[in-house]
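Listing of my_file12.txt; format and content: compact mmCIF, C-alpha atoms and all ligand atoms.
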# COMPACT_ATOMS: atom_id res chain seq x y z
CA MET A 1 -15.94 -17.53 -33.08
CA THR A 2 -15.64 -15.77 -36.43
CA ALA A 3 -12.83 -13.69 -37.72
CA ASP A 4 -15.14 -10.68 -37.61
CA SER A 5 -15.90 -10.80 -33.95
CA GLY A 6 -12.66 -9.19 -32.96
CA GLU A 7 -12.69 -11.26 -29.81
CA LEU A 8 -9.39 -12.13 -28.30
CA PRO A 9 -8.73 -15.57 -26.98
CA ALA A 10 -9.68 -15.94 -23.36
CA LYS A 11 -6.14 -16.30 -22.13
CA ASP A 12 -4.37 -14.26 -19.59
CA LEU A 13 -1.49 -12.03 -20.46
CA ARG A 14 1.05 -14.58 -19.34
CA THR A 15 -0.01 -16.94 -22.09
CA LEU A 16 -0.54 -14.26 -24.67
CA ILE A 17 2.62 -12.25 -24.11
CA PRO A 18 5.76 -14.26 -23.33
CA GLU A 19 7.62 -11.22 -22.00
CA TYR A 20 4.87 -10.67 -19.47
CA ALA A 21 5.47 -14.02 -17.81
CA GLY A 22 9.10 -12.97 -17.34
CA LEU A 23 8.00 -10.13 -15.08
CA ALA A 24 6.55 -12.45 -12.44
CA ARG A 25 7.71 -11.78 -8.88
CA THR A 26 6.87 -13.38 -5.58
CA THR A 27 4.47 -11.39 -3.43
CA THR A 28 3.34 -12.04 0.13
CA LEU A 29 -0.41 -11.65 0.50
CA LEU A 30 -1.27 -10.59 4.04
CA ASN A 31 -4.85 -11.98 4.09
CA PRO A 32 -6.18 -9.90 7.00
CA GLU A 33 -9.08 -11.30 9.03
CA PRO A 34 -10.85 -9.25 11.71
CA GLY A 35 -9.61 -10.32 15.12
CA GLU A 36 -7.73 -9.23 18.19
CA PRO A 37 -4.07 -9.16 17.21
CA GLY A 38 -1.60 -8.78 20.03
CA VAL A 39 1.18 -6.25 20.13
CA ARG A 40 3.72 -9.02 19.46
CA GLU A 41 1.85 -10.19 16.37
CA SER A 42 1.79 -8.97 12.80
CA SER A 43 -1.44 -7.08 12.20
CA LEU A 44 -3.49 -4.68 10.15
CA GLY A 45 -4.97 -1.99 12.37
CA GLY A 46 -3.67 -3.62 15.54
CA GLU A 47 -1.65 -2.16 18.40
CA LEU A 48 2.03 -1.65 17.67
CA LEU A 49 5.10 -2.62 19.64
CA TRP A 50 6.15 0.98 20.23
CA PRO A 51 9.17 2.23 22.18
CA ALA A 52 7.99 3.85 25.41
CA ASP A 53 10.52 6.66 25.04
CA GLU A 54 9.43 7.64 21.53
CA PRO A 55 6.54 10.09 21.19
CA TRP A 56 3.55 8.73 19.36
CA PRO A 57 3.09 10.59 16.03
CA TYR A 58 0.37 13.19 15.58
CA CYS A 59 -0.69 14.76 12.29
CA ALA A 60 0.16 18.45 12.08
CA GLN A 61 -1.71 19.16 8.84
CA GLU A 62 -3.91 22.22 9.11
CA ASP A 63 -6.55 21.13 6.65
CA HIS A 64 -7.86 17.97 8.22
CA TRP A 65 -11.37 17.34 9.44
CA THR A 66 -13.98 14.66 9.94
CA PHE A 67 -17.70 14.27 9.68
CA GLY A 68 -17.68 12.82 13.17
CA SER A 69 -21.11 11.80 14.34
CA ASP A 70 -22.95 14.31 12.17
CA PRO A 71 -22.70 13.57 8.43
CA LEU A 72 -23.98 17.05 7.58
CA ASN A 73 -21.47 19.00 9.58
CA ARG A 74 -17.78 18.64 9.23
CA THR A 75 -15.71 19.06 12.32
CA GLU A 76 -12.37 20.81 11.91
CA ILE A 77 -9.63 19.15 13.90
CA VAL A 78 -6.92 21.20 15.54
CA PRO A 79 -3.56 20.31 13.96
CA GLY A 80 -1.47 18.09 16.18
CA SER A 81 -4.37 17.17 18.47
CA VAL A 82 -5.30 13.74 17.12
CA PRO A 83 -3.00 10.73 17.16
CA MET A 84 -2.20 8.88 14.00
CA VAL A 85 -3.56 5.35 13.80
CA PRO A 86 -1.72 2.04 13.44
CA ILE A 87 -2.10 0.61 9.98
CA LEU A 88 0.34 -2.22 9.64
CA GLN A 89 2.83 -4.11 11.74
CA LEU A 90 4.97 -6.84 10.19
CA TYR A 91 7.40 -9.06 12.03
CA ALA A 92 10.14 -10.50 9.84
CA ARG A 93 9.27 -14.04 10.97
CA ASP A 94 5.85 -13.72 9.30
CA VAL A 95 7.07 -12.32 5.98
CA PRO A 96 10.29 -14.20 5.16
CA GLU A 97 10.21 -12.98 1.56
CA LEU A 98 10.62 -9.38 2.69
CA GLU A 99 14.21 -8.25 3.06
CA PHE A 100 14.54 -6.16 6.21
CA PRO A 101 17.31 -3.58 6.63
CA GLU A 102 20.28 -4.88 8.56
CA GLY A 103 19.51 -5.30 12.26
CA LYS A 104 15.78 -4.71 11.77
CA ASP A 105 13.00 -7.26 12.03
CA LEU A 106 9.89 -5.16 12.57
CA LEU A 107 8.13 -2.86 10.11
CA GLN A 108 5.41 -0.47 11.25
CA LEU A 109 3.15 1.91 9.39
CA VAL A 110 0.84 4.61 10.76
CA TRP A 111 -1.18 7.33 9.09
CA CYS A 112 -3.64 10.12 9.87
CA ALA A 113 -7.16 8.77 9.55
CA LEU A 114 -8.85 12.15 9.17
CA VAL A 115 -10.04 13.68 5.89
CA HIS A 116 -7.56 16.08 4.31
CA GLU A 117 -8.70 18.92 2.13
CA GLU A 118 -5.96 18.52 -0.44
CA ASP A 119 -5.90 14.75 -0.74
CA PRO A 120 -8.74 12.26 -1.01
CA GLY A 121 -6.84 9.51 0.76
CA PRO A 122 -5.17 9.01 4.08
CA VAL A 123 -2.09 11.19 4.36
CA MET A 124 1.06 11.73 6.31
CA PRO A 125 1.90 8.03 6.55
CA ARG A 126 5.04 7.19 8.46
CA LEU A 127 7.11 4.08 8.15
CA TYR A 128 9.35 2.67 10.87
CA TRP A 129 11.90 -0.14 10.77
CA ARG A 130 12.72 -1.44 14.25
CA ASN A 131 14.39 -4.24 16.14
CA GLU A 132 11.87 -6.15 18.22
CA ALA A 133 14.32 -7.23 20.93
CA GLU A 134 15.62 -3.67 21.35
CA VAL A 135 12.11 -2.27 21.79
CA VAL A 136 11.25 -4.96 24.32
CA ALA A 137 14.53 -4.50 26.22
CA ALA A 138 14.16 -0.72 26.41
CA GLY A 139 10.47 -0.93 27.31
CA ALA A 140 7.42 -0.85 25.10
CA LEU A 141 4.63 1.69 25.35
CA SER A 142 1.70 0.43 27.36
CA GLY A 143 -0.78 3.31 27.37
CA PHE A 144 -1.52 3.13 23.71
CA PRO A 145 -3.01 6.39 22.35
CA GLY A 146 -6.35 5.55 20.81
CA VAL A 147 -8.54 7.79 18.73
CA SER A 148 -12.09 8.49 19.76
CA GLU A 149 -15.15 8.43 17.58
CA GLY A 150 -15.21 11.68 15.67
CA GLU A 151 -11.42 11.73 15.47
CA TYR A 152 -11.09 9.63 12.37
CA ASP A 153 -12.74 8.93 9.07
CA GLU A 154 -14.04 5.38 8.96
CA ASP A 155 -12.75 4.89 5.46
CA ASN A 156 -9.18 5.42 6.60
CA MET A 157 -9.42 3.23 9.66
CA PRO A 158 -8.78 -0.48 9.33
CA GLU A 159 -10.60 -2.96 11.52
CA PRO A 160 -8.07 -4.68 13.81
CA SER A 161 -7.08 -7.80 11.91
CA THR A 162 -4.71 -10.69 12.25
CA LEU A 163 -2.64 -11.69 9.23
CA SER A 164 -2.12 -15.08 7.61
CA PRO A 165 0.56 -14.40 5.03
CA THR A 166 0.82 -16.60 1.95
CA THR A 167 3.04 -16.25 -1.09
CA ALA A 168 1.94 -16.09 -4.70
CA GLU A 169 3.26 -15.18 -8.10
CA ASP A 170 2.44 -11.61 -9.02
CA CYS A 171 2.69 -9.81 -12.35
CA PRO A 172 2.19 -6.13 -13.22
CA ARG A 173 -1.15 -4.54 -13.79
CA TRP A 174 -1.54 -3.85 -17.47
CA LEU A 175 -1.49 -0.19 -16.43
CA ASP A 176 2.09 -0.88 -15.33
CA LEU A 177 3.47 -2.75 -18.32
CA PRO A 178 6.94 -1.63 -19.34
CA LYS A 179 6.83 0.63 -22.38
CA ASN A 180 8.58 -1.83 -24.66
CA ILE A 181 5.97 -4.49 -23.96
CA TRP A 182 3.16 -2.00 -24.29
CA ASP A 183 4.44 -0.65 -27.60
CA THR A 184 4.93 -4.12 -29.02
CA TRP A 185 1.68 -5.63 -27.91
CA GLU A 186 -0.89 -2.88 -27.73
CA PRO A 187 -1.30 -2.77 -31.56
CA ARG A 188 -1.65 -6.55 -31.72
CA LEU A 189 -4.43 -6.54 -29.16
CA ARG A 190 -6.74 -4.31 -31.13
CA ASN A 191 -10.14 -5.70 -31.97
CA THR A 192 -12.00 -4.96 -35.16
CA ALA A 193 -13.32 -1.71 -33.70
CA GLY A 194 -9.79 -0.51 -33.25
CA HIS A 195 -9.80 -0.58 -29.46
CA ALA A 196 -7.10 -2.36 -27.57
CA VAL A 197 -8.69 -5.24 -25.72
CA TRP A 198 -6.72 -6.41 -22.74
CA PRO A 199 -7.44 -9.78 -21.28
CA PRO A 200 -7.26 -10.13 -17.49
CA ASP A 201 -3.83 -9.49 -16.10
CA SER A 202 -2.16 -11.56 -13.41
CA ASN A 203 -1.73 -8.79 -10.88
CA ILE A 204 -3.10 -9.64 -7.47
CA ILE A 205 -5.37 -7.00 -5.96
CA GLY A 206 -5.05 -7.04 -2.20
CA THR A 207 -2.91 -5.96 0.70
CA LYS A 208 0.49 -7.40 0.00
CA VAL A 209 4.22 -7.05 0.41
CA GLY A 210 6.60 -7.17 -2.55
CA GLY A 211 5.43 -8.19 -5.99
CA TRP A 212 3.83 -5.44 -8.05
CA PRO A 213 1.63 -2.52 -6.98
CA ALA A 214 -2.07 -3.17 -7.44
CA TRP A 215 -2.55 0.20 -9.16
CA THR A 216 -6.09 1.31 -9.81
CA GLN A 217 -4.85 4.10 -12.09
CA PRO A 218 -1.84 4.28 -14.42
CA ALA A 219 1.40 3.51 -12.66
CA ASP A 220 3.11 6.35 -10.79
CA TRP A 221 6.41 4.99 -9.51
CA PRO A 222 8.44 7.38 -7.36
CA ASP A 223 12.12 7.97 -8.08
CA CYS A 224 14.65 8.07 -5.28
CA GLU A 225 16.95 11.05 -4.83
CA CYS A 226 19.73 8.80 -6.15
CA GLY A 227 17.94 8.81 -9.50
CA HIS A 228 16.75 5.22 -9.47
CA ARG A 229 13.14 4.16 -9.50
CA MET A 230 12.14 2.95 -6.07
CA GLU A 231 11.03 -0.63 -5.47
CA HIS A 232 7.51 -1.60 -4.49
CA LEU A 233 7.48 -2.34 -0.78
CA LEU A 234 3.80 -2.90 -0.06
CA THR A 235 0.28 -2.17 -1.25
CA ILE A 236 -2.72 -1.57 0.95
CA THR A 237 -5.98 -2.00 -0.90
CA GLY A 238 -9.25 -3.84 -0.75
CA ASP A 239 -9.09 -4.71 2.95
CA ILE A 240 -10.07 -1.26 4.19
CA GLN A 241 -12.47 1.24 2.66
CA LEU A 242 -10.07 4.06 1.75
CA GLY A 243 -12.96 6.26 0.59
CA ASP A 244 -12.39 7.40 -3.00
CA CYS A 245 -8.91 5.99 -2.83
CA GLY A 246 -8.13 2.88 -4.85
CA GLY A 247 -5.03 1.91 -2.96
CA VAL A 248 -2.05 3.20 -1.01
CA TYR A 249 1.37 2.09 -2.22
CA PHE A 250 4.72 2.22 -0.47
CA PHE A 251 8.14 2.14 -2.08
CA ARG A 252 11.72 2.10 -0.91
CA CYS A 253 15.25 2.38 -2.23
CA ARG A 254 17.72 -0.21 -1.00
CA ARG A 255 20.69 1.40 -2.76
CA CYS A 256 20.78 4.42 -0.48
CA PRO A 257 21.64 4.60 3.20
CA GLY A 258 19.00 6.14 5.42
CA LEU A 259 16.25 3.81 4.19
CA PRO A 260 14.52 6.31 1.88
CA TRP A 261 10.91 5.56 1.11
CA ASP A 262 7.96 7.21 -0.53
CA TRP A 263 4.30 6.54 -1.09
CA ARG A 264 1.53 7.08 -3.58
CA PHE A 265 -2.20 6.68 -3.61
CA ASP A 266 -4.68 6.61 -6.44
CA CYS A 267 -8.43 6.98 -6.88
CA HIS A 268 -11.13 4.75 -8.22
ZN ZN B 1 -4.20 14.71 9.38
ZN ZN B 2 18.19 5.74 -3.63

Go through the file and emit its structure as structure tokens.
Amino acid sequence: MTADSGELPAKDLRTLIPEYAGLARTTTLLNPEPGEPGVRESSLGGELLWPADEPWPYCAQEDHWTFGSDPLNRTEIVPGSVPMVPILQLYARDVPELEFPEGKDLLQLVWCALVHEEDPGPVMPRLYWRNEAEVVAAGALSGFPGVSEGEYDEDNMPEPSTLSPTTAEDCPRWLDLPKNIWDTWEPRLRNTAGHAVWPPDSNIIGTKVGGWPAWTQPADWPDCECGHRMEHLLTITGDIQLGDCGGVYFFRCRRCPGLPWDWRFDCH
């Protein structure tokens, strides 16, 4: 290699930037594999342990539709007529790194799997923290509301999958580097053409809990009403199609009562 090439050493950011290594956090990779997860198992796209006395959520957006069976003709869907679909169910025993709210040991996520005019990704996600024993004692829903063909967009619909969680060290995407690191290092990583050249980062792209968001686009962290930036709760990416969507990211604030949470998605 010559001094003129402008090539940067083939090292990852952890080696190149000492401060970057300090940002490492433990993440739990969910490693979904298509299967037949039971209602008492953690799953992606599997049936949820749902309280029988709680109405299943429906999307009330007025602008949602699907191509259904005819790719040339979109079918408008009456608001409130199509059930949301199960996305994720996590039992605390399977994700010991995830801190559950007091008294809770079950996390569930659903969203509307139709296409929405305003947003390219799945919308109206809802997050639920529950207590498994309480749901079982009070009675779990048995007639699970399924969606029929033509009532969802395939891109927003995960294949039922079992999970085999593993932990790993996760660092931010370079799109998510704190400003002080960016300002210090971006000028040093310029090649002879004047472009910043970023070596591979150590962010893990995949469906995961904790760690850092696997942003496809520049970071877009939500702030809580209390004024603090929310924490990354989980990322869903790579394991389902998500159409033009790069990933869907969920955040929470543990400082506030009421378990506030928010979500973001980005595009390829
Ligand atoms: Zn909808
Ligand atoms: Zn807060």

Next on the checklist: Need to verify the contact set: Tyr249 (chain A), 7 Å, all atoms listed in the file, exclusion of same-chain residues closer than 3 positions in sequence. Can you return it as a VMD selection string?
Outcome noted: chain A and resid 213 234 to 236 263 to 265

Checklist entry - Suppose you want the space between CA of Asn156 (chain A) and CA of Leu29 (chain A); what is it in Å? => result 20.1 Å

Next on the checklist: When you look at region 215-217 of chain A with a cut-off of 7 Å (counting only C-alpha atoms), what residues show up, excluding the ones that are within fewer than 6 positions of it in the same chain? I need them as number ranges by chain.
Outcome noted: A: 173, 175, 246-247, 266-268

Next on the checklist: Distance limit 9 Å, reference ligand ZN 1 (chain B), atoms considered: all atoms listed in the file. Which residues make the cut? Give them as a VMD selection string.
Outcome noted: chain A and resid 58 to 65 77 79 to 80 82 to 84 111 to 116 122 to 124

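Counting from CA of Gly45 (chain A), the distance to CA of Ile205 (chain A) is 19.0 Å.
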
Enclose region 46-58 of chain A, meaning all of its atoms listed in the file, in a box aligned along x, y and z, pad it by 8 Å on each side, and list the centre and edge lengths in Å to one decimal, as lines of an AutoDock Vina configuration file.
center_x = 3.4
center_y = 4.8
center_z = 20.5
size_x = 30.2
size_y = 32.8
size_z = 25.9

Next on the checklist: Taking all atoms listed in the file into account, list the residues no farther than 9 Å from ligand ZN 2 (chain B), as a ChimeraX atom specification.
Outcome noted: /A:223-230,252-257,259-261
